[in-house]
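Participant: I'd like to ask you about the structure that follows.
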Amino acid sequence: MDKRISIAIDGPAAAGKSTIAKKVAKLLGLVYIDTGAMYRAFTYAVLKRGIDPEDEKASCSIIPEVKIELCEDGRVLCNGEDVTRVIREPKVSGNVSYIASYKDIRLALVDMQRDMAKTVSVVMDGRDIGTYVLPDAEVKIFQIASVGKRAERRYIENQEKGIETSLEDVIADVRKRDYIDSHRVFAPLKKADDAIELDTSDLTIDESVEAVLKIVKEKTGREVSCR
Ligand code: DC
C-alpha cells in the first residue's frame, strides 16, 4: 500500500495555486484542500454579522460559532450555507487578509487543516502550508508569477464567474493582499527553506501541472502524466 503523503503549494494571491493544486490532486488521486477558501468563508461570516473585519477582537469573538466545511464536490459551506460563489466576491477578497492576520482565527483553522491531512494524502494550497501547517510535507512548492500575470488571470476568472471587477481593481487587490499576507506577524506568506520555487508567469496550466508532477516524482517517486 502507498504511504500517505502531503503536498504543500504556497504562494502569493492569484498565482494559480488552486487551479494547479486541484488538477495535481485529481491526477494523483489525492484530496485537494483549499485553505484560502476557509479564510474566505470566515470573512463571509464576519461580514454577515455586520462586524468590521478590521476589528480583531470582534472578529475573533465568533470563532466558536463558525463551522466551515469543504465538501468533496468542491462546495464550501459556512454554518450549512453554500458560500462557494459569494466568497469570491470583491467584498470578501478585499477583507480576507485582515481576517487571515488574526492569530486566534489562524490557530482555529490550522487545527482543522492539520486534522484533514492526518488520515489522507493531500494537496493543500495556501500561504503557510510548507512553513507552518505541514512543516513535514514531503513536497513543498512555492508558486509565483508576476503581479501583471496574476491580476490578468484573476480578472478573466472573475469574468467567467460573472463577478464584476475592473482589471485596475484586481491589480490593486492583489498588491494589497500580497503586502498584508507577507507582513503579518503570525505565519506570514513566506517561502519555506526547503520549498522549490516555481515561476508560472510564462507557463500554461498544463505546463505548470507537468512541472509540479515532475517535482512530486523526484521527491516521492510517484509518477503520473497529465497528457
Ligand atoms: O488563496 P486565496 O486567495 O483564496 O486566499 C485568501 C486569503 O486568505 C489570502 O489573502 C491570504 C489568506 N490565506 C492565508 O493567510 N493562509 C492560507 N493558508 C491561505 C490563505
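Residues are named by chain letter and number: chains run A, B, ... in the order of the C-alpha cells, numbers start at 1 in each chain, and ligands are numbered from 1 in the order shown.
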Let me see if you get this right: every residue at most 7 Å from ligand 1, counting only C-alpha atoms and all ligand atoms, written as a list in words.

Facilitator: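 Using only C-alpha atoms and all ligand atoms, everything at most 7 Å from ligand 1 comes to Ala13, Ala14, Thr35, Gly36, Ala37, Tyr39, Arg40, Ser93, Val96, Ser97, Ala100, Ser101, Asp125, Gly126, Arg127, Asp128, Ile129, Arg177 and Asp181 of chain A.
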
Participant: Give me, as a CSV table (one decimal) with C-alpha atoms, in the first residue's frame, the residues of range 69-185 of chain A that a backbone DSSP run labels helix (DSSP H, G or I).

Facilitator:
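Below you can see result_3.csv, which holds the result:
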```
chain,number,residue,atom,x,y,z
A,86,VAL,CA,-20.0,34.6,-2.6
A,87,ILE,CA,-16.6,34.1,-1.0
A,88,ARG,CA,-15.0,35.0,-4.4
A,90,PRO,CA,-14.7,41.6,-4.1
A,91,LYS,CA,-16.2,42.4,-0.7
A,92,VAL,CA,-14.7,39.1,0.7
A,93,SER,CA,-11.5,39.3,-1.3
A,96,VAL,CA,-9.9,38.4,3.9
A,97,SER,CA,-6.3,39.5,4.5
A,98,TYR,CA,-7.3,41.2,7.7
A,99,ILE,CA,-9.1,38.1,9.0
A,103,LYS,CA,-3.7,34.6,15.3
A,104,ASP,CA,-6.7,33.1,17.1
A,105,ILE,CA,-8.6,32.6,13.8
A,106,ARG,CA,-5.5,31.1,12.2
A,107,LEU,CA,-5.0,28.7,15.0
A,108,ALA,CA,-8.6,27.5,14.8
A,109,LEU,CA,-8.4,27.0,11.0
A,110,VAL,CA,-4.9,25.5,11.1
A,111,ASP,CA,-6.2,22.8,13.6
A,112,MET,CA,-8.8,21.9,11.1
A,113,GLN,CA,-6.3,21.8,8.2
A,114,ARG,CA,-3.9,19.6,10.2
A,115,ASP,CA,-6.8,17.2,11.1
A,116,MET,CA,-7.7,16.9,7.4
A,117,ALA,CA,-4.1,15.9,6.5
A,118,LYS,CA,-3.8,13.4,9.3
A,119,THR,CA,-5.6,10.5,7.7
A,129,ILE,CA,1.3,25.3,4.5
A,130,GLY,CA,5.0,24.5,4.0
A,131,THR,CA,6.2,26.8,6.8
A,132,TYR,CA,3.6,26.3,9.5
A,133,VAL,CA,0.7,24.0,8.8
A,147,VAL,CA,1.7,40.7,-10.5
A,148,GLY,CA,0.5,41.6,-14.0
A,149,LYS,CA,0.0,37.9,-15.0
A,150,ARG,CA,-1.7,37.1,-11.7
A,151,ALA,CA,-4.1,40.0,-11.9
A,152,GLU,CA,-4.9,39.2,-15.6
A,153,ARG,CA,-5.7,35.6,-14.7
A,154,ARG,CA,-7.8,36.5,-11.7
A,155,TYR,CA,-9.7,39.1,-13.9
A,156,ILE,CA,-10.5,36.5,-16.5
A,157,GLU,CA,-11.6,34.0,-13.8
A,158,ASN,CA,-13.9,36.7,-12.3
A,159,GLN,CA,-15.4,37.4,-15.7
A,160,GLU,CA,-16.1,33.7,-16.2
A,167,LEU,CA,-8.5,45.0,-14.1
A,168,GLU,CA,-7.2,48.0,-12.1
A,169,ASP,CA,-9.2,46.9,-9.1
A,170,VAL,CA,-7.9,43.4,-9.4
A,171,ILE,CA,-4.3,44.6,-9.6
A,172,ALA,CA,-4.9,46.8,-6.5
A,173,ASP,CA,-6.5,43.9,-4.6
A,174,VAL,CA,-3.6,41.5,-5.5
A,175,ARG,CA,-1.0,44.1,-4.4
A,176,LYS,CA,-2.8,44.9,-1.1
A,177,ARG,CA,-3.2,41.2,-0.2
A,178,ASP,CA,0.4,40.4,-1.1
A,179,TYR,CA,1.5,43.2,1.3
A,180,ILE,CA,-0.7,42.3,4.2
A,181,ASP,CA,-0.2,38.5,3.8
A,182,SER,CA,3.6,38.8,3.8
A,183,HIS,CA,3.9,41.4,6.5
```

Participant: So that I can check the surroundings of Ala8 in chain A, please list as a PyMOL selection string every protein, DNA and RNA residue that reaches within 9 Å of it, counting only C-alpha atoms and ignoring chain neighbours fewer than 5 positions away.

Facilitator: chain A and resi 21+122-126+128-130+134-135+137-142+195

Participant: So that I can check the surroundings of range 73-82 of chain A, please list as a ChimeraX atom specification every protein, DNA and RNA residue that reaches within 12 Å of it, counting only C-alpha atoms and ignoring chain neighbours fewer than 2 positions away.

Facilitator: /A:18,22,31-46,48,62-71,84-88

Participant: Mind listing the strand (DSSP E) residues of range 53-153 of chain A, per DSSP on the backbone, as a PDB file with C-alpha atoms, in the first residue's frame?

Facilitator:
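Writing the result to part.pdb gives the following:
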```
ATOM      1  CA  ILE A  68     -16.678  25.687   7.898  1.00  0.00           C
ATOM      2  CA  GLU A  69     -16.907  22.612   5.693  1.00  0.00           C
ATOM      3  CA  LEU A  70     -15.025  21.816   2.480  1.00  0.00           C
ATOM      4  CA  VAL A  76     -17.711  25.452   0.633  1.00  0.00           C
ATOM      5  CA  LEU A  77     -20.236  25.595   3.473  1.00  0.00           C
ATOM      6  CA  CYS A  78     -20.337  28.125   6.287  1.00  0.00           C
ATOM      7  CA  GLU A  81     -24.913  27.780   3.927  1.00  0.00           C
ATOM      8  CA  ASP A  82     -23.379  27.258   0.484  1.00  0.00           C
ATOM      9  CA  VAL A 122      -3.475  15.767   0.468  1.00  0.00           C
ATOM     10  CA  VAL A 123      -2.550  18.574  -1.858  1.00  0.00           C
ATOM     11  CA  MET A 124      -3.041  21.661   0.294  1.00  0.00           C
ATOM     12  CA  ASP A 125      -2.672  25.182  -1.031  1.00  0.00           C
ATOM     13  CA  GLY A 126      -2.285  28.395   0.928  1.00  0.00           C
ATOM     14  CA  VAL A 139       6.707  18.041  -1.287  1.00  0.00           C
ATOM     15  CA  LYS A 140       6.766  21.822  -0.869  1.00  0.00           C
ATOM     16  CA  ILE A 141       6.252  24.156  -3.784  1.00  0.00           C
ATOM     17  CA  PHE A 142       6.308  27.950  -3.719  1.00  0.00           C
ATOM     18  CA  GLN A 143       4.376  29.053  -6.770  1.00  0.00           C
ATOM     19  CA  ILE A 144       4.935  32.574  -8.035  1.00  0.00           C
TER      20      ILE A 144
END
```
